[in-house]
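S.K.: The following file, final-v1.tsv, comprises TSV, C-alpha atoms:
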chain	number	residue	atom	x	y	z
A	1	MET	CA	-14.92	15.59	1.99
A	2	GLN	CA	-15.61	12.35	3.84
A	3	SER	CA	-12.49	10.42	4.84
A	4	ALA	CA	-12.02	7.06	3.20
A	5	VAL	CA	-10.97	5.44	6.49
A	6	THR	CA	-11.47	6.77	10.00
A	7	THR	CA	-10.82	5.36	13.44
A	8	THR	CA	-11.73	6.99	16.74
A	9	ALA	CA	-10.29	5.87	20.08
A	10	LEU	CA	-9.91	2.37	18.69
A	11	ARG	CA	-8.82	-0.26	21.18
A	12	ARG	CA	-8.30	-3.99	20.86
A	13	GLU	CA	-7.38	-6.36	23.66
A	14	PHE	CA	-6.63	-10.06	23.51
A	15	LYS	CA	-7.27	-12.36	26.45
A	16	PRO	CA	-4.36	-14.68	27.27
A	17	ARG	CA	-5.11	-18.39	27.21
A	18	LYS	CA	-3.78	-18.79	30.73
A	19	ARG	CA	-6.14	-17.64	33.45
A	20	GLY	CA	-5.09	-14.88	35.77
A	21	LEU	CA	-3.00	-12.99	33.21
A	22	ASP	CA	-3.84	-9.44	32.21
A	23	PRO	CA	-5.27	-8.79	28.74
A	24	ILE	CA	-2.78	-7.96	26.01
A	25	THR	CA	-3.39	-4.54	24.43
A	26	ALA	CA	-2.77	-4.69	20.68
A	27	LEU	CA	-4.28	-1.27	19.88
A	28	ASP	CA	-4.55	1.59	22.33
A	29	ASP	CA	-6.71	4.66	21.60
A	30	VAL	CA	-5.92	4.75	17.86
A	31	SER	CA	-7.49	7.69	16.00
A	32	LEU	CA	-6.60	8.44	12.39
A	33	ALA	CA	-8.09	9.57	9.10
A	34	VAL	CA	-7.12	8.43	5.60
A	35	GLU	CA	-8.19	10.72	2.77
A	36	PRO	CA	-9.74	9.46	-0.50
A	37	GLY	CA	-7.17	8.71	-3.19
A	38	GLU	CA	-4.30	8.65	-0.69
A	39	ILE	CA	-1.59	6.07	-0.16
A	40	HIS	CA	-1.41	6.05	3.62
A	41	GLY	CA	1.35	4.08	5.26
A	42	LEU	CA	1.19	2.51	8.69
A	43	LEU	CA	4.82	2.23	9.72
A	44	GLY	CA	6.01	0.23	12.68
A	45	PRO	CA	8.10	-2.71	13.82
A	46	ASN	CA	6.84	-6.27	14.05
A	47	GLY	CA	4.25	-6.59	16.79
A	48	ALA	CA	3.34	-2.90	16.76
A	49	GLY	CA	-0.34	-3.53	15.99
A	50	LYS	CA	-0.35	-2.96	12.22
A	51	THR	CA	-2.01	-6.23	11.20
A	52	THR	CA	-4.53	-5.99	14.04
A	53	LEU	CA	-5.65	-2.60	12.75
A	54	VAL	CA	-5.97	-3.89	9.18
A	55	LYS	CA	-8.01	-6.86	10.39
A	56	ILE	CA	-10.41	-4.55	12.21
A	57	LEU	CA	-10.78	-2.24	9.21
A	58	SER	CA	-11.43	-5.23	6.94
A	59	THR	CA	-14.00	-6.70	9.41
A	60	ILE	CA	-11.93	-9.78	10.29
A	61	LEU	CA	-11.70	-8.66	13.93
A	62	THR	CA	-14.00	-6.49	16.02
A	63	PRO	CA	-12.61	-3.75	18.26
A	64	THR	CA	-12.81	-3.96	22.04
A	65	SER	CA	-13.92	-0.33	22.06
A	66	GLY	CA	-13.91	2.71	19.80
A	67	THR	CA	-15.20	3.03	16.24
A	68	ALA	CA	-13.92	2.56	12.71
A	69	THR	CA	-15.51	3.36	9.37
A	70	VAL	CA	-14.61	2.75	5.72
A	71	LEU	CA	-16.27	5.14	3.26
A	72	GLY	CA	-18.77	5.96	5.99
A	73	HIS	CA	-19.68	2.33	6.74
A	74	ASP	CA	-19.16	1.20	10.33
A	75	VAL	CA	-17.02	-1.95	10.48
A	76	VAL	CA	-19.12	-3.39	13.33
A	77	GLU	CA	-22.61	-2.20	12.49
A	78	ASP	CA	-22.43	-2.71	8.71
A	79	PRO	CA	-19.59	-5.13	7.89
A	80	GLY	CA	-21.26	-6.30	4.69
A	81	ALA	CA	-21.16	-2.81	3.22
A	82	VAL	CA	-17.49	-2.50	4.17
A	83	ARG	CA	-16.58	-5.78	2.48
A	84	ARG	CA	-18.23	-4.66	-0.75
A	85	VAL	CA	-15.93	-1.64	-1.10
A	86	ILE	CA	-12.57	-3.03	0.04
A	87	GLY	CA	-9.85	-5.34	-1.19
A	88	LEU	CA	-7.35	-7.03	1.11
A	89	VAL	CA	-3.83	-8.20	0.30
A	90	PHE	CA	-1.66	-10.02	2.83
A	91	GLY	CA	1.99	-10.88	2.35
A	92	GLY	CA	3.07	-14.51	2.02
A	93	ASP	CA	0.93	-17.40	0.83
A	94	ARG	CA	-2.22	-16.72	2.83
A	95	GLY	CA	-5.29	-16.66	0.61
A	96	LEU	CA	-3.82	-18.53	-2.35
A	97	TYR	CA	-4.61	-22.10	-3.35
A	98	THR	CA	-1.28	-23.34	-4.63
A	99	LEU	CA	-2.60	-26.48	-6.34
A	100	LEU	CA	-4.79	-24.30	-8.56
A	101	SER	CA	-3.72	-22.03	-11.39
A	102	ALA	CA	-3.75	-18.26	-11.10
A	103	ARG	CA	-6.82	-18.13	-13.32
A	104	HIS	CA	-8.72	-20.64	-11.19
A	105	ASN	CA	-7.76	-18.79	-8.01
A	106	LEU	CA	-9.17	-15.57	-9.44
A	107	GLU	CA	-12.32	-17.31	-10.69
A	108	TYR	CA	-12.92	-18.62	-7.17
A	109	TRP	CA	-12.45	-15.20	-5.59
A	110	ALA	CA	-14.58	-13.53	-8.25
A	111	ALA	CA	-17.43	-15.88	-7.35
A	112	LEU	CA	-17.02	-15.13	-3.64
A	113	TYR	CA	-17.16	-11.39	-4.32
A	114	GLY	CA	-20.21	-11.76	-6.51
A	115	VAL	CA	-18.60	-10.56	-9.73
A	116	PRO	CA	-21.15	-11.13	-12.53
A	117	SER	CA	-20.24	-14.23	-14.56
A	118	ARG	CA	-20.46	-12.27	-17.80
A	119	ASP	CA	-17.67	-9.98	-16.54
A	120	THR	CA	-15.47	-12.55	-14.82
A	121	GLY	CA	-13.41	-13.72	-17.78
A	122	SER	CA	-12.54	-10.28	-19.12
A	123	ARG	CA	-11.79	-8.90	-15.67
A	124	ILE	CA	-9.45	-11.79	-14.87
A	125	ASP	CA	-7.65	-11.43	-18.20
A	126	ALA	CA	-7.19	-7.71	-17.58
A	127	LEU	CA	-5.85	-8.26	-14.07
A	128	LEU	CA	-3.46	-11.01	-15.12
A	129	ALA	CA	-2.10	-8.74	-17.82
A	130	ARG	CA	-1.78	-5.88	-15.37
A	131	VAL	CA	0.32	-7.88	-12.90
A	132	GLY	CA	2.37	-9.55	-15.64
A	133	LEU	CA	1.05	-13.11	-15.21
A	134	THR	CA	-0.70	-13.70	-18.52
A	135	ARG	CA	1.84	-16.25	-19.77
A	136	ARG	CA	1.69	-18.20	-16.51
A	137	ALA	CA	-2.05	-17.82	-15.95
A	138	ASP	CA	-2.80	-21.54	-16.28
A	139	ASP	CA	0.20	-22.85	-14.33
A	140	ARG	CA	-0.21	-24.05	-10.77
A	141	VAL	CA	0.61	-21.39	-8.20
A	142	GLU	CA	2.96	-23.82	-6.44
A	143	THR	CA	5.36	-23.29	-9.36
A	144	TYR	CA	5.39	-19.50	-8.88
A	145	SER	CA	8.20	-17.46	-7.36
A	146	ARG	CA	7.46	-15.37	-4.28
A	147	GLY	CA	7.24	-12.24	-6.38
A	148	MET	CA	4.76	-13.84	-8.77
A	149	ARG	CA	2.62	-14.99	-5.87
A	150	GLN	CA	2.57	-11.48	-4.45
A	151	ARG	CA	1.46	-10.07	-7.81
A	152	LEU	CA	-1.32	-12.67	-7.84
A	153	HIS	CA	-2.27	-11.51	-4.35
A	154	LEU	CA	-2.67	-8.00	-5.71
A	155	ALA	CA	-4.82	-9.25	-8.58
A	156	ARG	CA	-6.98	-11.14	-6.07
A	157	GLY	CA	-7.35	-7.98	-3.98
A	158	LEU	CA	-8.52	-6.07	-7.06
A	159	ILE	CA	-10.94	-8.67	-8.40
A	160	SER	CA	-13.98	-6.80	-7.03
A	161	ASP	CA	-12.68	-3.41	-8.22
A	162	PRO	CA	-12.56	-2.04	-4.65
A	163	GLU	CA	-12.47	1.63	-3.77
A	164	VAL	CA	-10.20	1.02	-0.76
A	165	LEU	CA	-7.32	-1.44	-0.82
A	166	PHE	CA	-5.57	-2.73	2.31
A	167	LEU	CA	-2.03	-4.01	1.81
A	168	ASP	CA	-0.50	-5.72	4.85
A	169	GLU	CA	3.32	-5.99	4.54
A	170	PRO	CA	2.97	-6.72	0.80
A	171	THR	CA	6.70	-6.73	-0.04
A	172	VAL	CA	8.03	-8.79	2.87
A	173	GLY	CA	10.45	-11.40	1.54
A	174	LEU	CA	10.57	-9.98	-1.98
A	175	ASP	CA	13.87	-9.25	-3.68
A	176	PRO	CA	14.58	-5.59	-4.58
A	177	VAL	CA	13.44	-5.95	-8.19
A	178	ALA	CA	10.16	-7.63	-7.26
A	179	SER	CA	9.58	-5.04	-4.51
A	180	LEU	CA	10.10	-2.18	-6.97
A	181	GLU	CA	7.70	-3.72	-9.49
A	182	PHE	CA	5.06	-4.19	-6.81
A	183	ARG	CA	5.42	-0.60	-5.61
A	184	GLN	CA	5.06	0.69	-9.15
A	185	LEU	CA	1.81	-1.27	-9.50
A	186	VAL	CA	0.55	0.26	-6.27
A	187	MET	CA	1.32	3.78	-7.45
A	188	THR	CA	-0.65	3.27	-10.66
A	189	LEU	CA	-3.65	2.32	-8.54
A	190	ARG	CA	-3.44	5.67	-6.75
A	191	GLU	CA	-3.45	7.42	-10.13
A	192	GLU	CA	-6.78	5.70	-10.79
A	193	GLY	CA	-8.24	7.21	-7.64
A	194	LYS	CA	-8.11	4.21	-5.33
A	195	THR	CA	-7.36	4.70	-1.64
A	196	ILE	CA	-4.56	2.48	-0.39
A	197	PHE	CA	-3.76	1.68	3.23
A	198	LEU	CA	-0.31	0.10	3.42
A	199	THR	CA	1.41	-1.42	6.43
A	200	THR	CA	5.18	-1.77	6.44
A	201	HIS	CA	8.24	-1.78	8.68
A	202	ASP	CA	10.42	-0.48	5.85
A	203	MET	CA	11.05	3.28	6.11
A	204	GLY	CA	12.41	3.41	2.57
A	205	GLU	CA	9.23	1.88	1.20
A	206	ALA	CA	7.06	4.28	3.18
A	207	GLU	CA	9.08	7.27	2.00
A	208	ALA	CA	9.01	6.12	-1.63
A	209	ILE	CA	5.29	5.63	-2.21
A	210	CYS	CA	3.20	7.04	0.64
A	211	ASP	CA	1.50	10.43	0.72
A	212	ARG	CA	1.39	10.32	4.51
A	213	VAL	CA	2.64	7.90	7.11
A	214	SER	CA	1.34	7.10	10.59
A	215	LEU	CA	3.91	5.68	12.97
A	216	ILE	CA	2.71	3.06	15.43
A	217	ASP	CA	4.40	1.20	18.25
A	218	ARG	CA	3.05	-0.97	21.04
A	219	GLY	CA	-0.46	-0.34	19.75
A	220	ALA	CA	-0.32	3.45	20.01
A	221	LEU	CA	-0.02	6.01	17.22
A	222	LEU	CA	3.02	8.21	17.73
A	223	ALA	CA	2.64	10.65	14.83
A	224	THR	CA	1.37	11.13	11.30
A	225	GLU	CA	3.94	12.63	8.96
A	226	GLY	CA	4.59	13.32	5.29
A	227	PRO	CA	7.30	11.44	3.39
A	228	GLU	CA	9.53	14.52	3.40
A	229	THR	CA	9.75	14.23	7.19
A	230	LEU	CA	10.75	10.58	6.94
A	231	GLY	CA	13.39	11.61	4.44
A	232	ARG	CA	14.79	14.16	6.88
A	233	TRP	CA	14.92	11.54	9.62
A	234	ILE	CA	16.70	9.07	7.38
A	235	THR	CA	19.32	11.58	6.24
A	236	ALA	CA	19.71	13.09	9.70
A	237	TYR	CA	20.64	9.75	11.22
A	238	GLU	CA	22.47	8.27	8.25
A	239	ARG	CA	25.76	6.60	9.07
A	240	VAL	CA	29.06	6.42	7.25
A	241	GLU	CA	31.18	3.27	7.39
A	242	ALA	CA	34.83	3.28	6.27
A	243	ARG	CA	37.69	0.82	6.25
A	244	GLY	CA	41.41	1.59	6.57
A	245	VAL	CA	40.88	4.64	8.75
A	246	THR	CA	43.87	5.50	10.93
A	247	ASP	CA	43.44	6.50	14.56
A	248	ASP	CA	44.43	10.06	13.71
A	249	ALA	CA	41.84	10.23	10.91
A	250	ALA	CA	39.20	8.75	13.23
A	251	THR	CA	39.95	11.43	15.82
A	252	MET	CA	39.71	14.11	13.16
A	253	VAL	CA	36.35	12.86	11.92
A	254	SER	CA	34.91	12.60	15.44
A	255	GLY	CA	35.40	16.35	15.80
A	256	LEU	CA	33.53	17.32	12.63
A	257	PRO	CA	30.23	19.22	12.98
A	258	GLY	CA	27.19	16.96	12.97
A	259	VAL	CA	29.08	13.80	14.00
A	260	MET	CA	27.30	12.25	16.96
A	261	SER	CA	29.67	9.34	17.60
A	262	THR	CA	32.30	7.09	16.07
A	263	GLN	CA	32.74	3.40	16.74
A	264	ARG	CA	35.43	0.96	15.71
A	265	LEU	CA	33.82	-2.36	14.76
A	266	PRO	CA	35.51	-5.73	15.38
A	267	ASP	CA	36.60	-6.01	11.74
A	268	GLY	CA	38.32	-2.59	11.89
A	269	THR	CA	35.55	-0.66	10.13
A	270	LEU	CA	34.92	2.82	11.52
A	271	ARG	CA	31.22	3.58	11.94
A	272	ILE	CA	30.33	7.27	12.06
A	273	GLU	CA	26.89	8.22	13.36
A	274	THR	CA	25.39	11.56	12.32
A	275	ALA	CA	22.78	13.69	14.05
A	276	VAL	CA	21.81	16.36	11.51
A	277	THR	CA	21.14	16.53	7.80
A	278	GLY	CA	23.74	17.58	5.24
A	279	VAL	CA	26.85	16.31	7.01
A	280	VAL	CA	27.45	13.01	5.23
A	281	ARG	CA	29.16	14.58	2.23
A	282	PRO	CA	31.67	16.65	4.27
A	283	ILE	CA	32.47	13.55	6.33
A	284	MET	CA	33.16	11.50	3.23
A	285	GLU	CA	35.23	14.30	1.69
A	286	ALA	CA	37.32	14.50	4.85
A	287	LEU	CA	37.91	10.76	4.82
A	288	LEU	CA	38.89	10.79	1.15
A	289	ALA	CA	41.33	13.63	1.84
A	290	ALA	CA	42.84	11.49	4.60
A	291	GLY	CA	43.51	8.71	2.08
A	292	VAL	CA	40.55	6.46	2.86
A	293	THR	CA	39.19	4.73	-0.24
A	294	GLU	CA	36.78	2.14	1.17
A	295	LEU	CA	33.72	3.93	2.47
A	296	GLY	CA	29.97	4.12	2.03
A	297	THR	CA	26.72	5.16	3.68
A	298	ARG	CA	23.92	3.22	5.34
A	299	PRO	CA	20.46	4.47	6.28
A	300	PRO	CA	19.33	4.01	9.87
A	301	SER	CA	17.08	1.13	10.79
A	302	LEU	CA	13.47	1.76	11.79
A	303	GLU	CA	14.40	0.87	15.37
A	304	GLU	CA	17.13	3.51	15.45
A	305	VAL	CA	14.86	6.22	14.07
A	306	TYR	CA	12.19	5.40	16.63
A	307	LEU	CA	14.68	5.64	19.46
A	308	ARG	CA	16.30	8.84	18.18
A	309	VAL	CA	13.08	10.69	17.28
A	310	PHE	CA	10.63	9.43	19.88
A	311	GLY	CA	12.89	8.22	22.66
A	312	ASP	CA	11.09	6.29	25.40
A	313	ARG	CA	7.75	6.72	23.57
A	314	GLY	CA	9.10	4.80	20.63
A	315	LEU	CA	10.31	1.33	19.94
A	316	GLN	CA	12.10	-0.66	22.60
A	317	VAL	CA	15.03	-2.75	21.34
Mind turning the file's structure into structure tokens?
M.R.:
Amino acid sequence: MQSAVTTTALRREFKPRKRGLDPITALDDVSLAVEPGEIHGLLGPNGAGKTTLVKILSTILTPTSGTATVLGHDVVEDPGAVRRVIGLVFGGDRGLYTLLSARHNLEYWAALYGVPSRDTGSRIDALLARVGLTRRADDRVETYSRGMRQRLHLARGLISDPEVLFLDEPTVGLDPVASLEFRQLVMTLREEGKTIFLTTHDMGEAEAICDRVSLIDRGALLATEGPETLGRWITAYERVEARGVTDDAATMVSGLPGVMSTQRLPDGTLRIETAVTGVVRPIMEALLAAGVTELGTRPPSLEEVYLRVFGDRGLQV
């Protein structure tokens, strides 16, 4: 089966504005394959090269070297064919005309994509209903919340009924409820057979909705993993934080199996770092037995996972 998206030895350099400076490498020898009907996550910190890759795959940028194809169409040699089969959704306000209504925005984009006029009205109505904007369809976008604008972005990305959808940091800045709603919409698109390429720096988001995840940092791919592996990393490096822990109890906890380190924070909270899966519960039980009642868990940050799993090949903080 032909991959929906492929890149081979993809490289992209940017020339600094000041003369005499070396080129900046945004992508370095990136090779990956995204299967049809897959939600594939590109996970990495800010500045890792995620948006640059999406821009190349959506024909906004050209690579310095290497190749990339979408459904067999080369992004350099046949960009028109690529544009006809993809949809693109950026986070934030880019691509929306805030003085226009949602309906008028979609009418404009439908015309740009060449949607037949006889189909435009019904397609827009269906998309507005799908993203929950029917009641606000004729209000100016400037009156929309951030979550509503992001749902409109998704409708815009779907206006041409694309086979491949690129989502670049689609939930950045959204509150938890809006993020959950957006993710649920994305998962229904996979059920319809669409291929989705999602960039994010949120490990929880990647674990929740992606079939596979490629980790990228400093322009280089580090690994491609399934969500179960991300889950193991998250639980392996989960931390416990507790208040009211005596020095004796802290010493006891530091000696438990699987505890990597303990740290007393300025406010008196004891932070307990773990290094293997399955140890959080025994740690919490030991603290409760010692009389501690204020405690909880926190997942590791993306930066911490990169450093723990990949070491010097991962993210620098």
S.K.: Which residues of stretch 58-170 of chain A have any atom within 12 Å of an atom in stretch 38-42 of chain A when counting all atoms listed in the file, and what is the closest pair of atoms for each, with the distance in Å to one decimal? Order the rows by chain and rising number and write it as a tab-separated table.
M.R.:
residue	atom	partner	partner_atom	distance
A:Glu163	CA	A:Glu38	CA	11.2
A:Val164	CA	A:Glu38	CA	9.6
A:Leu165	CA	A:Ile39	CA	9.5
A:Phe166	CA	A:His40	CA	9.8
A:Leu167	CA	A:Gly41	CA	9.4
A:Asp168	CA	A:Leu42	CA	9.2
A:Glu169	CA	A:Leu42	CA	9.7
A:Pro170	CA	A:Gly41	CA	11.8
S.K.: Go ahead and save the picked residues with C-alpha atoms, as a compact mmCIF listing (two decimals), keeping the file's coordinate frame.
M.R.:
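As a result, out.txt now contains:
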# COMPACT_ATOMS: atom_id res chain seq x y z
CA GLU A 163 -12.47 1.63 -3.77
CA VAL A 164 -10.20 1.02 -0.76
CA LEU A 165 -7.32 -1.44 -0.82
CA PHE A 166 -5.57 -2.73 2.31
CA LEU A 167 -2.03 -4.01 1.81
CA ASP A 168 -0.50 -5.72 4.85
CA GLU A 169 3.32 -5.99 4.54
CA PRO A 170 2.97 -6.72 0.80
S.K.: What gap, in Å, lies between atom CA of A:Arg130 and atom CA of A:Asp175?
M.R.: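 These two atoms are separated by 19.8 Å.
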S.K.: Mind dumping a table of every stretch 43-133 of chain A residue within 8 Å of stretch 7-13 of chain A, with the nearest atom pair and its distance in Å to one decimal, using only C-alpha atoms, sorted by chain and rising number, as a tab-separated table?
M.R.:
residue	atom	partner	partner_atom	distance
A:Thr62	CA	A:Arg12	CA	7.9
A:Pro63	CA	A:Arg12	CA	5.0
A:Thr64	CA	A:Arg12	CA	4.7
A:Ser65	CA	A:Arg11	CA	5.2
A:Gly66	CA	A:Leu10	CA	4.2
A:Thr67	CA	A:Thr8	CA	5.3
A:Ala68	CA	A:Thr7	CA	4.2
A:Thr69	CA	A:Thr7	CA	6.5
S.K.: Quick one: write out the picked residues with C-alpha atoms as an mmCIF file, keeping the file's coordinate frame?
M.R.:
data_model
loop_
_atom_site.group_PDB
_atom_site.id
_atom_site.type_symbol
_atom_site.label_atom_id
_atom_site.label_comp_id
_atom_site.auth_asym_id
_atom_site.auth_seq_id
_atom_site.Cartn_x
_atom_site.Cartn_y
_atom_site.Cartn_z
ATOM 1 C CA THR A 62 -14.000 -6.490 16.020
ATOM 2 C CA PRO A 63 -12.610 -3.750 18.260
ATOM 3 C CA THR A 64 -12.810 -3.960 22.040
ATOM 4 C CA SER A 65 -13.920 -0.330 22.060
ATOM 5 C CA GLY A 66 -13.910 2.710 19.800
ATOM 6 C CA THR A 67 -15.200 3.030 16.240
ATOM 7 C CA ALA A 68 -13.920 2.560 12.710
ATOM 8 C CA THR A 69 -15.510 3.360 9.370
#
S.K.: Tell me, as a ChimeraX atom specification, which residues lie within 10 Å of A:Arg83, counting only C-alpha atoms; anything in the same chain fewer than 6 positions away does not count.
M.R.: /A:57-60,70,73,75,113,160,162,164
S.K.: So which residues touch A:Tyr237 within 7 Å, counting all atoms listed in the file, skipping near sequence neighbours fewer than 4 positions away, as a list of chain:residue names?
M.R.: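 The residues satisfying every condition are A:Trp233, A:Glu273, A:Thr274, A:Ala275, A:Val276, A:Pro300.
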S.K.: Determine, counting only C-alpha atoms, every residue of protein, DNA or RNA that lies within 8 Å of (-0.4, -27.4, -7.7) in the file coordinates, then give the result as a PyMOL selection string.
M.R.: chain A and resi 98-101+140-143
S.K.: Which distance in Å separates atom CA of A:Ala208 and atom CA of A:Arg123, to one decimal?
M.R.: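 These two atoms are separated by 29.2 Å.
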S.K.: So, with all atoms listed in the file as the atoms that count, which of A:Leu106, A:Ser31, A:Ala242, A:Ala206 lies closest to A:Glu285?
M.R.: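 Of A:Leu106, A:Ser31, A:Ala242, A:Ala206, the one nearest A:Glu285, counting all atoms listed in the file, is A:Ala242.
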S.K.: Between A:Thr224, A:Thr134, A:Thr293, A:Gln2, which is the closest to A:Leu152 once you count all atoms listed in the file?
M.R.: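 Going through A:Thr224, A:Thr134, A:Thr293, A:Gln2 one by one, the smallest distance to A:Leu152 is for A:Thr134.
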S.K.: List the neighbours of A:Thr25 out to 9 Å using all atoms listed in the file; skip same-chain residues closer than 2 positions along the sequence, and give me the result as a VMD selection string.
M.R.: chain A and resid 11 to 15 23 27 to 28 218 to 219
S.K.: Which one of A:Ser261, A:Gln150, A:Ser145, A:Thr195 sits closest to A:Ala4 if you count all atoms listed in the file?
M.R.: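 Using all atoms listed in the file, the shortest distance to A:Ala4 belongs to A:Thr195.
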S.K.: Considering all atoms listed in the file, state which residue in the set A:Gly278, A:Leu32, A:Ser179, A:Gly37 is at the smallest distance from A:Glu191.
M.R.: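 So, comparing all the options, the nearest one is A:Gly37.
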S.K.: With distances taken over all atoms listed in the file, which residue among A:Glu228, A:Glu241, A:Asp211, A:Asp267 lies nearest A:Val34?
M.R.: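 Using all atoms listed in the file, A:Val34 sits closest to A:Asp211.
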S.K.: What gap, in Å, lies between atom CA of A:Ala220 and atom CA of A:Val30?
M.R.: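 Rounded to one decimal, the two atoms are 6.1 Å apart.
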S.K.: N, CA and C atoms are what I want for stretch 283-306 of chain A; can you complete it accordingly and write them as a short mmCIF file (atom, residue, chain, number, x, y, z; two decimals), keeping the file's coordinate frame?
M.R.:
data_model
loop_
_atom_site.label_atom_id
_atom_site.label_comp_id
_atom_site.auth_asym_id
_atom_site.auth_seq_id
_atom_site.Cartn_x
_atom_site.Cartn_y
_atom_site.Cartn_z
N ILE A 283 31.77 14.64 5.65
CA ILE A 283 32.47 13.55 6.33
C ILE A 283 33.22 12.69 5.32
N MET A 284 32.54 12.35 4.23
CA MET A 284 33.16 11.50 3.23
C MET A 284 34.32 12.23 2.54
N GLU A 285 34.15 13.53 2.30
CA GLU A 285 35.23 14.30 1.69
C GLU A 285 36.46 14.35 2.60
N ALA A 286 36.21 14.48 3.90
CA ALA A 286 37.32 14.50 4.85
C ALA A 286 38.05 13.16 4.88
N LEU A 287 37.31 12.09 4.82
CA LEU A 287 37.91 10.76 4.82
C LEU A 287 38.72 10.52 3.55
N LEU A 288 38.17 10.94 2.42
CA LEU A 288 38.89 10.79 1.15
C LEU A 288 40.19 11.60 1.18
N ALA A 289 40.14 12.80 1.74
CA ALA A 289 41.33 13.63 1.84
C ALA A 289 42.38 13.00 2.74
N ALA A 290 41.91 12.17 3.69
CA ALA A 290 42.84 11.49 4.60
C ALA A 290 43.37 10.18 4.00
N GLY A 291 42.99 9.89 2.75
CA GLY A 291 43.51 8.71 2.08
C GLY A 291 42.64 7.48 2.20
N VAL A 292 41.45 7.61 2.73
CA VAL A 292 40.55 6.46 2.86
C VAL A 292 39.83 6.25 1.53
N THR A 293 39.83 5.02 1.05
CA THR A 293 39.19 4.73 -0.24
C THR A 293 38.02 3.77 -0.14
N GLU A 294 37.89 3.07 0.99
CA GLU A 294 36.78 2.14 1.17
C GLU A 294 35.77 2.75 2.14
N LEU A 295 34.72 3.31 1.62
CA LEU A 295 33.72 3.93 2.47
C LEU A 295 32.36 3.94 1.77
N GLY A 296 31.33 4.09 2.57
CA GLY A 296 29.97 4.12 2.03
C GLY A 296 29.01 4.58 3.11
N THR A 297 27.74 4.70 2.74
CA THR A 297 26.72 5.16 3.68
C THR A 297 25.68 4.07 3.88
N ARG A 298 25.02 4.14 5.02
CA ARG A 298 23.92 3.22 5.34
C ARG A 298 22.81 4.00 6.01
N PRO A 299 21.56 3.79 5.60
CA PRO A 299 20.46 4.47 6.28
C PRO A 299 20.25 3.85 7.65
N PRO A 300 19.62 4.59 8.56
CA PRO A 300 19.33 4.01 9.87
C PRO A 300 18.22 2.98 9.78
N SER A 301 18.19 2.08 10.72
CA SER A 301 17.08 1.13 10.79
C SER A 301 15.86 1.83 11.39
N LEU A 302 14.69 1.22 11.21
CA LEU A 302 13.47 1.76 11.79
C LEU A 302 13.61 1.86 13.31
N GLU A 303 14.22 0.85 13.93
CA GLU A 303 14.40 0.87 15.37
C GLU A 303 15.21 2.09 15.82
N GLU A 304 16.28 2.38 15.09
CA GLU A 304 17.13 3.51 15.45
C GLU A 304 16.39 4.83 15.32
N VAL A 305 15.61 4.98 14.25
CA VAL A 305 14.86 6.22 14.07
C VAL A 305 13.84 6.39 15.19
N TYR A 306 13.15 5.31 15.54
CA TYR A 306 12.19 5.40 16.63
C TYR A 306 12.87 5.88 17.91
#
